[in-house]
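K.L.:
Provided herewith is a single structure, encoded as structure tokens, for subsequent inquiry.
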Amino acid sequence: MPADGPRAAQEAREGSATAVAAIRGAMPEGRDRDPARYPIDGHIPALALAPRTRGELAGALQAAARGGLAVAPQAGRTALAAGGPLHRYDVALDLRGLDRVVEHEPADLTITVEAGISLGSLAEVLRPHGQQLPLDPPGGGEVSVGGMLATARPGSWRGLLPGVGDLLLGATVALPDGTLARSGGRVVKNVAGYDLHRLHAGALGAFGVIVEAAFKLVPLPEATATIACRCRHLPQAAALARTLRDTPLAARGLALVGARAAAEAGLPAEPHVLVGLAGAAAALERSRREVRLCCRSAHVPPAEERGDDETWGRLRALAAGAEAEAGGAEGTPVVLRGSLPLSELAAVLEEAEEAGFAAWAHIAAGSLLAAAPPSGDAADAGRVAALRARCEAAGGTLAIEAGPAALRAALDPAAGARDEVALDLARELRRRFDPLRTVNPGRWPLIDGPGTGAGAAGAA
Amino acid sequence: MQTNAPAARNDAATPPAGDPPNPLRGDPALRAALARELRAIVGAPHVIDAPEELLVYEYDATIERARPDLVVLPASTEEAAATLAACARVDAPVVPRGSGTGFAGGALPVAGGVVVATARMTRIRELDAEERIAVVEPGVINLALQQAAAEHGLRYAPDPSSQRICTIGGNVGTNAGGPHTLAHGSTVNHVLAVELVLPDGRVTWLGGRQLDAPGVDLRALVVGSEGTLGLVTAVCVRLLPLPEAVRTMLAVFDTVERASEAVSAIVERGVIPVALEMLDAETIRAVESQARLGYPLDAGAVLLAEVEGLAEQVEEDAATVIAALEESGARTVRSADEEAERERLWEGRKAGIGALGAISPNFYLLDGVVPRTKLPAVMREVAALSERYGFRCANIFHAGDGNLHPNIMFDELEPGSSSRVLELGGEILRVCVEAGGSITGEHGVGLEKRSYLGWIFDPPDLDAMTRVRDAFGGSGRFNPCKVLPVSHGCAQGHAAEAGAAALRLARAPGVYL
């Protein structure tokens, strides 16, 4: 955390008293919250507001932009250690008050919700109808719909099931100029106009604040099961995972789990292959048989069936950075996500575990996750950089999805997106949607620049 | 087929003065100089400027026409980039073009300018069965990619019905769907990355070789942008394993309404088939008059359902689907597992549009979407509206997605028919919008529907979309007058609007949709 953070916040508070008054004035009574409860990377904002309607949110955003204040939208607070450290942080916008189900037509298998609703609450709404939004992003039920969209972090089902952008039918976004802009719609197939909602997915607020989103739903599976195959060594596990990928299974999850990650997930500290099954009971029976056969021919001991969500749930928590509440201060664990060719996943996973990370890979998505406590050697920027270089040499990328501010200031969290032409486009879009960088300034260091504000100066 | 009487030629396609600036018009020297420059880039035979040869490029699957000033056929990304840079230097409009199978006028050079056709960029640069990805050039035909993937036990999921002639580049442009979109999603779900030449000639890759590449997702913005943000010169797609088992079911119903109710009945039972397609009575009769497939001529509708996956799953899902079909009043249900037999069941669906083309001089193929539960009511309205306007209307469509394709049959030689057909089309799309749907599910906005965009989007929404177009640097010059309405992104709109109104549609060689 920057040493001069509090002072800068103090200055912002005094220097922009008018702006703060203006933004308060844009909101009805009773929307103020205690700023101390909204730290990001150790910074306390001057003001915390909890709008109840999209109009209030847009008004607050517009007032903030006019006053030159920087805003950080948040709800579940599960991904505040994502992206670069904020350059400025004046106003916390708490979206938890925007948690309504706008429209749910069960027979259409679509739902429209406000961004502040948590995935847990959403699942409660859908379960009685035998439906689900088939996404399990890091952080699970705590994550808000808005947070899930803004970060677009894939979960363990990705690759076997669709991604967040694939299920997103449309969205309404509050722009810093105070307008509300919609794209897409509420029907499952639609190619009218530019798909801006897909641009906002994963943009960390760079082009506005998502206030409402419509999703495609799917029926809940008839049955689910999780099978853990305990292997003697990683190459054996990798070979088994590879075989399972090419075996017809009713699978929604297929992970290669390193020994450290296995221990964190409550399994014996040895390499594992984790298979998540979902479908008709008969299809699950058949899949169990197939897994058994694959294990036998790979000389892996008979697989063990686990409580279905237990192991995946632990990995999900690990991927979120278990101490998310710390909001990116020193206590934040490091979470890295590599995108790699299938052929390289196991080798890089092994190196990550050797470097002190708990590492696992989602085979169908080509993604490697590596988590480490904040204070260990693994959190060292040099080690992360070395692992990144390794991923890039293998034809992949490595993103920092959570970590202490110092690490995220030292290394661009999204490296891999370094193509100058693409960056120019992103900068151009940022300039047209948020010219004053009102929302989350600094989350994309390569778009917003290295930051001149107190936060960046302190953190660097 | 006999649709394109010369009368289809319409002056609205040649915009009157004041329309999108095109420095090539009225400046033969500039046009000749640009042609020379482009010949140096792509080789003399691959720049077309002779009027009789340009004719080939003045149409798409609509009956609207617009003549380009030049056509260029680059063979590589480098040639395409140099082509676009040269066009940028003289401010020439640029219109990307694949196979010209679009139904919305998206590839029509309404402002003239340079058509950049991808017909020479047809290489599958890479197909990695282990990583399950392919990198293809935009001119690759959808079916060619399917066949290449199938050799490895893989498939490329988007399968628009025009797959025998449409290109991957065109599919990316419209975010194309197809019968199997219901389960697998549209093109954007299967595109990992695109190589894009920006309007100024700079080249970039957007996305990565794995899912969910880090960084802002510009890839998703480009897919479906109908060639207005740049020219796609390569596409990295993901391939899926072929399913272990597939079962196709064909159910005959007395009425479209019954069949529409069956669609919801299936989904309510917790099964989402991979495809759920409907043919109405008009289509059935057309199909039967062309090829005897054994559809009962007195049937009101045929519903085609397909499930796939693990054999056990298919067994159970098929049983659920059949039960739902029977309870919804299906007269008969046929079912097939073997590929040849399944293909026979699909035959009517695939031949449908062609059969319609054969029984009517012209038809206007619409593309609207409604929530699935609104299908019965909307189908009733479509029928009532068609009757009121005095046109026969055949429906052959993606029922599971609520993606309607009413085909209005008409004869453009009958005075006034074209404008009444357009009016009817607009009314039907209105009904879709009022039911909570959209004006296009897979064909795109193009020129045809840009004035309808305001029905579903408000000015701030369109303004946000304009910002996107501006950020890519192609506003007003790159595929001008497409997608965004007149007031947004196309300064001189009245003629383009007239162009949209004149878009009377449908040549229909019989392989589309």
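Each chain in the structure tokens gets a letter, A, B and so on, in the order shown; residues start at 1 in every chain, and ligands are counted from 1 in the order they appear.
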Please provide the set of residues having any atom within 6 Å of region 204-219 of chain B, restricted to only C-alpha atoms, with same-chain residues fewer than 6 positions apart removed, written as a ChimeraX atom specification.
P.N.:
/A:199,203,365,414,417,421 /B:192-196
K.L.:
Set the cut-off to 7 Å and count only C-alpha atoms: what are the residues of chain A that reach chain B? Output as a ChimeraX atom specification.
P.N.:
/A:107-108,166,179-183,187-196,198-199,202-203,219,248-250,280,282-283,339-342,365-366,399,414,416-417,421-422,425-426,428-429,432
K.L.:
Store the residues picked out above, limited to N, CA and C atoms, as a compact mmCIF listing (two decimals), in the first residue's frame.
P.N.:
```
# COMPACT_ATOMS: atom_id res chain seq x y z
N ALA A 107 -39.97 -20.39 -18.81
CA ALA A 107 -40.13 -21.20 -20.03
C ALA A 107 -39.25 -20.72 -21.17
N ASP A 108 -38.79 -19.48 -21.08
CA ASP A 108 -37.87 -18.98 -22.11
C ASP A 108 -36.42 -19.27 -21.77
N ASP A 166 -20.61 -15.93 -23.66
CA ASP A 166 -21.49 -16.73 -24.51
C ASP A 166 -22.92 -16.76 -23.97
N THR A 179 -25.16 8.78 -19.27
CA THR A 179 -26.16 8.07 -20.08
C THR A 179 -26.16 6.59 -19.73
N LEU A 180 -27.28 5.97 -20.03
CA LEU A 180 -27.41 4.53 -19.88
C LEU A 180 -27.50 3.97 -21.29
N ALA A 181 -26.61 3.03 -21.62
CA ALA A 181 -26.59 2.49 -22.97
C ALA A 181 -26.84 0.99 -22.93
N ARG A 182 -27.73 0.55 -23.79
CA ARG A 182 -28.06 -0.87 -23.87
C ARG A 182 -27.45 -1.48 -25.11
N SER A 183 -27.17 -2.76 -25.05
CA SER A 183 -26.83 -3.50 -26.27
C SER A 183 -27.38 -4.90 -26.12
N VAL A 187 -33.38 -11.95 -25.92
CA VAL A 187 -33.63 -13.20 -26.64
C VAL A 187 -32.30 -13.91 -26.88
N VAL A 188 -32.40 -15.24 -27.06
CA VAL A 188 -31.19 -16.06 -27.05
C VAL A 188 -30.35 -15.95 -28.32
N LYS A 189 -30.89 -15.28 -29.31
CA LYS A 189 -30.14 -15.18 -30.57
C LYS A 189 -30.41 -13.78 -31.10
N ASN A 190 -29.37 -13.03 -31.39
CA ASN A 190 -29.58 -11.63 -31.70
C ASN A 190 -28.30 -11.07 -32.29
N VAL A 191 -28.37 -10.51 -33.48
CA VAL A 191 -27.16 -9.91 -34.05
C VAL A 191 -27.41 -8.45 -34.43
N ALA A 192 -28.33 -7.81 -33.73
CA ALA A 192 -28.65 -6.41 -34.05
C ALA A 192 -27.69 -5.45 -33.36
N GLY A 193 -26.98 -4.67 -34.15
CA GLY A 193 -26.08 -3.66 -33.59
C GLY A 193 -24.79 -4.29 -33.07
N TYR A 194 -23.87 -3.43 -32.62
CA TYR A 194 -22.60 -3.95 -32.09
C TYR A 194 -22.83 -4.57 -30.72
N ASP A 195 -22.14 -5.68 -30.47
CA ASP A 195 -22.30 -6.40 -29.21
C ASP A 195 -21.44 -5.79 -28.11
N LEU A 196 -21.84 -4.58 -27.71
CA LEU A 196 -21.05 -3.89 -26.68
C LEU A 196 -21.00 -4.65 -25.37
N ARG A 198 -20.51 -7.64 -24.88
CA ARG A 198 -19.38 -8.56 -24.87
C ARG A 198 -18.06 -7.80 -24.65
N LEU A 199 -18.03 -6.55 -25.08
CA LEU A 199 -16.83 -5.73 -24.83
C LEU A 199 -16.70 -5.44 -23.33
N GLY A 202 -15.28 -8.49 -18.95
CA GLY A 202 -13.84 -8.60 -18.77
C GLY A 202 -13.10 -7.28 -18.87
N ALA A 203 -13.82 -6.16 -19.02
CA ALA A 203 -13.16 -4.88 -19.25
C ALA A 203 -12.83 -4.14 -17.94
N PRO A 219 -31.14 -25.94 -18.09
CA PRO A 219 -31.73 -26.77 -17.03
C PRO A 219 -30.64 -27.30 -16.10
N PRO A 248 -15.40 -40.13 -24.54
CA PRO A 248 -16.75 -39.58 -24.40
C PRO A 248 -17.22 -39.69 -22.94
N LEU A 249 -17.48 -38.54 -22.35
CA LEU A 249 -17.92 -38.48 -20.95
C LEU A 249 -19.01 -37.43 -20.83
N ALA A 250 -19.88 -37.59 -19.83
CA ALA A 250 -20.83 -36.52 -19.53
C ALA A 250 -20.13 -35.59 -18.55
N ALA A 280 -27.69 -37.11 -17.24
CA ALA A 280 -28.65 -38.14 -16.85
C ALA A 280 -27.94 -39.21 -16.02
N ALA A 282 -28.02 -42.39 -16.10
CA ALA A 282 -27.42 -43.46 -16.90
C ALA A 282 -26.13 -42.99 -17.56
N ALA A 283 -26.10 -41.71 -17.95
CA ALA A 283 -24.90 -41.16 -18.58
C ALA A 283 -23.77 -41.07 -17.56
N SER A 339 -2.78 -19.03 -19.98
CA SER A 339 -3.48 -19.66 -21.11
C SER A 339 -2.41 -20.36 -21.92
N LEU A 340 -2.54 -21.65 -22.09
CA LEU A 340 -1.47 -22.43 -22.69
C LEU A 340 -1.99 -23.49 -23.64
N PRO A 341 -1.15 -23.87 -24.62
CA PRO A 341 -1.51 -25.02 -25.44
C PRO A 341 -1.62 -26.25 -24.53
N LEU A 342 -2.50 -27.15 -24.88
CA LEU A 342 -2.69 -28.37 -24.11
C LEU A 342 -1.36 -29.08 -23.86
N ALA A 365 -10.20 -25.78 -21.26
CA ALA A 365 -10.08 -24.35 -21.52
C ALA A 365 -8.63 -23.96 -21.80
N GLY A 366 -7.71 -24.90 -21.63
CA GLY A 366 -6.30 -24.56 -21.79
C GLY A 366 -5.84 -23.54 -20.78
N ALA A 399 -1.64 -14.11 -16.84
CA ALA A 399 -2.24 -12.92 -16.26
C ALA A 399 -2.23 -13.03 -14.75
N ALA A 414 -2.23 -7.83 -16.98
CA ALA A 414 -2.85 -8.45 -18.16
C ALA A 414 -1.85 -8.75 -19.26
N GLY A 416 0.26 -9.95 -22.13
CA GLY A 416 -0.22 -10.92 -23.09
C GLY A 416 -1.03 -10.15 -24.10
N ALA A 417 -1.58 -9.03 -23.64
CA ALA A 417 -2.31 -8.15 -24.54
C ALA A 417 -1.41 -6.96 -24.83
N VAL A 421 -1.16 -2.25 -31.74
CA VAL A 421 -2.34 -1.83 -32.50
C VAL A 421 -3.60 -2.11 -31.68
N ALA A 422 -3.65 -3.30 -31.07
CA ALA A 422 -4.81 -3.64 -30.25
C ALA A 422 -4.91 -2.69 -29.06
N LEU A 425 -6.37 0.57 -30.05
CA LEU A 425 -7.83 0.47 -30.18
C LEU A 425 -8.48 0.57 -28.81
N ALA A 426 -7.92 -0.15 -27.85
CA ALA A 426 -8.48 -0.14 -26.50
C ALA A 426 -8.40 1.27 -25.89
N GLU A 428 -8.33 4.06 -27.55
CA GLU A 428 -9.26 4.89 -28.29
C GLU A 428 -10.69 4.69 -27.77
N LEU A 429 -11.01 3.43 -27.49
CA LEU A 429 -12.34 3.14 -26.93
C LEU A 429 -12.48 3.75 -25.55
N ARG A 432 -13.12 7.37 -25.74
CA ARG A 432 -14.46 7.74 -26.20
C ARG A 432 -15.55 7.42 -25.18
```
K.L.:
Pick from A:Arg316, A:His197, A:Arg289, A:His272: nearest to Ile210 (chain A), with only C-alpha atoms counted?
P.N.:
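Residue with the minimum atom-to-atom distance to Ile210 (chain A): A:His197.
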K.L.:
According to DSSP computed on the backbone, where in region 78-145 of chain A is there helix (DSSP H, G or I)? Give the residues as number ranges by chain.
P.N.:
A: 95-97, 106-108, 119-129, 140-142, 145
K.L.:
At what distance in Å, to one decimal, does CA of Asp411 (chain B) lie from CA of Ala384 (chain B)?
P.N.:
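Those two atoms sit 20.0 Å apart.
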K.L.:
Looking only at strand (DSSP E or B) from DSSP on the backbone, list the matching residues of region 228-431 of chain B as an MDAnalysis selection string.
P.N.:
chainID B and resid 231:238 240:241 245:253 275:280 301:309 332:336 362:365 368:369 392:398 403:404 406:410
K.L.:
Mind giving me the straight-line distance from CA of Leu95 (chain A) to CA of Ala405 (chain A) in Å, one decimal?
P.N.:
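Computed distance, CA of Leu95 (chain A) to CA of Ala405 (chain A), equals 23.4 Å.
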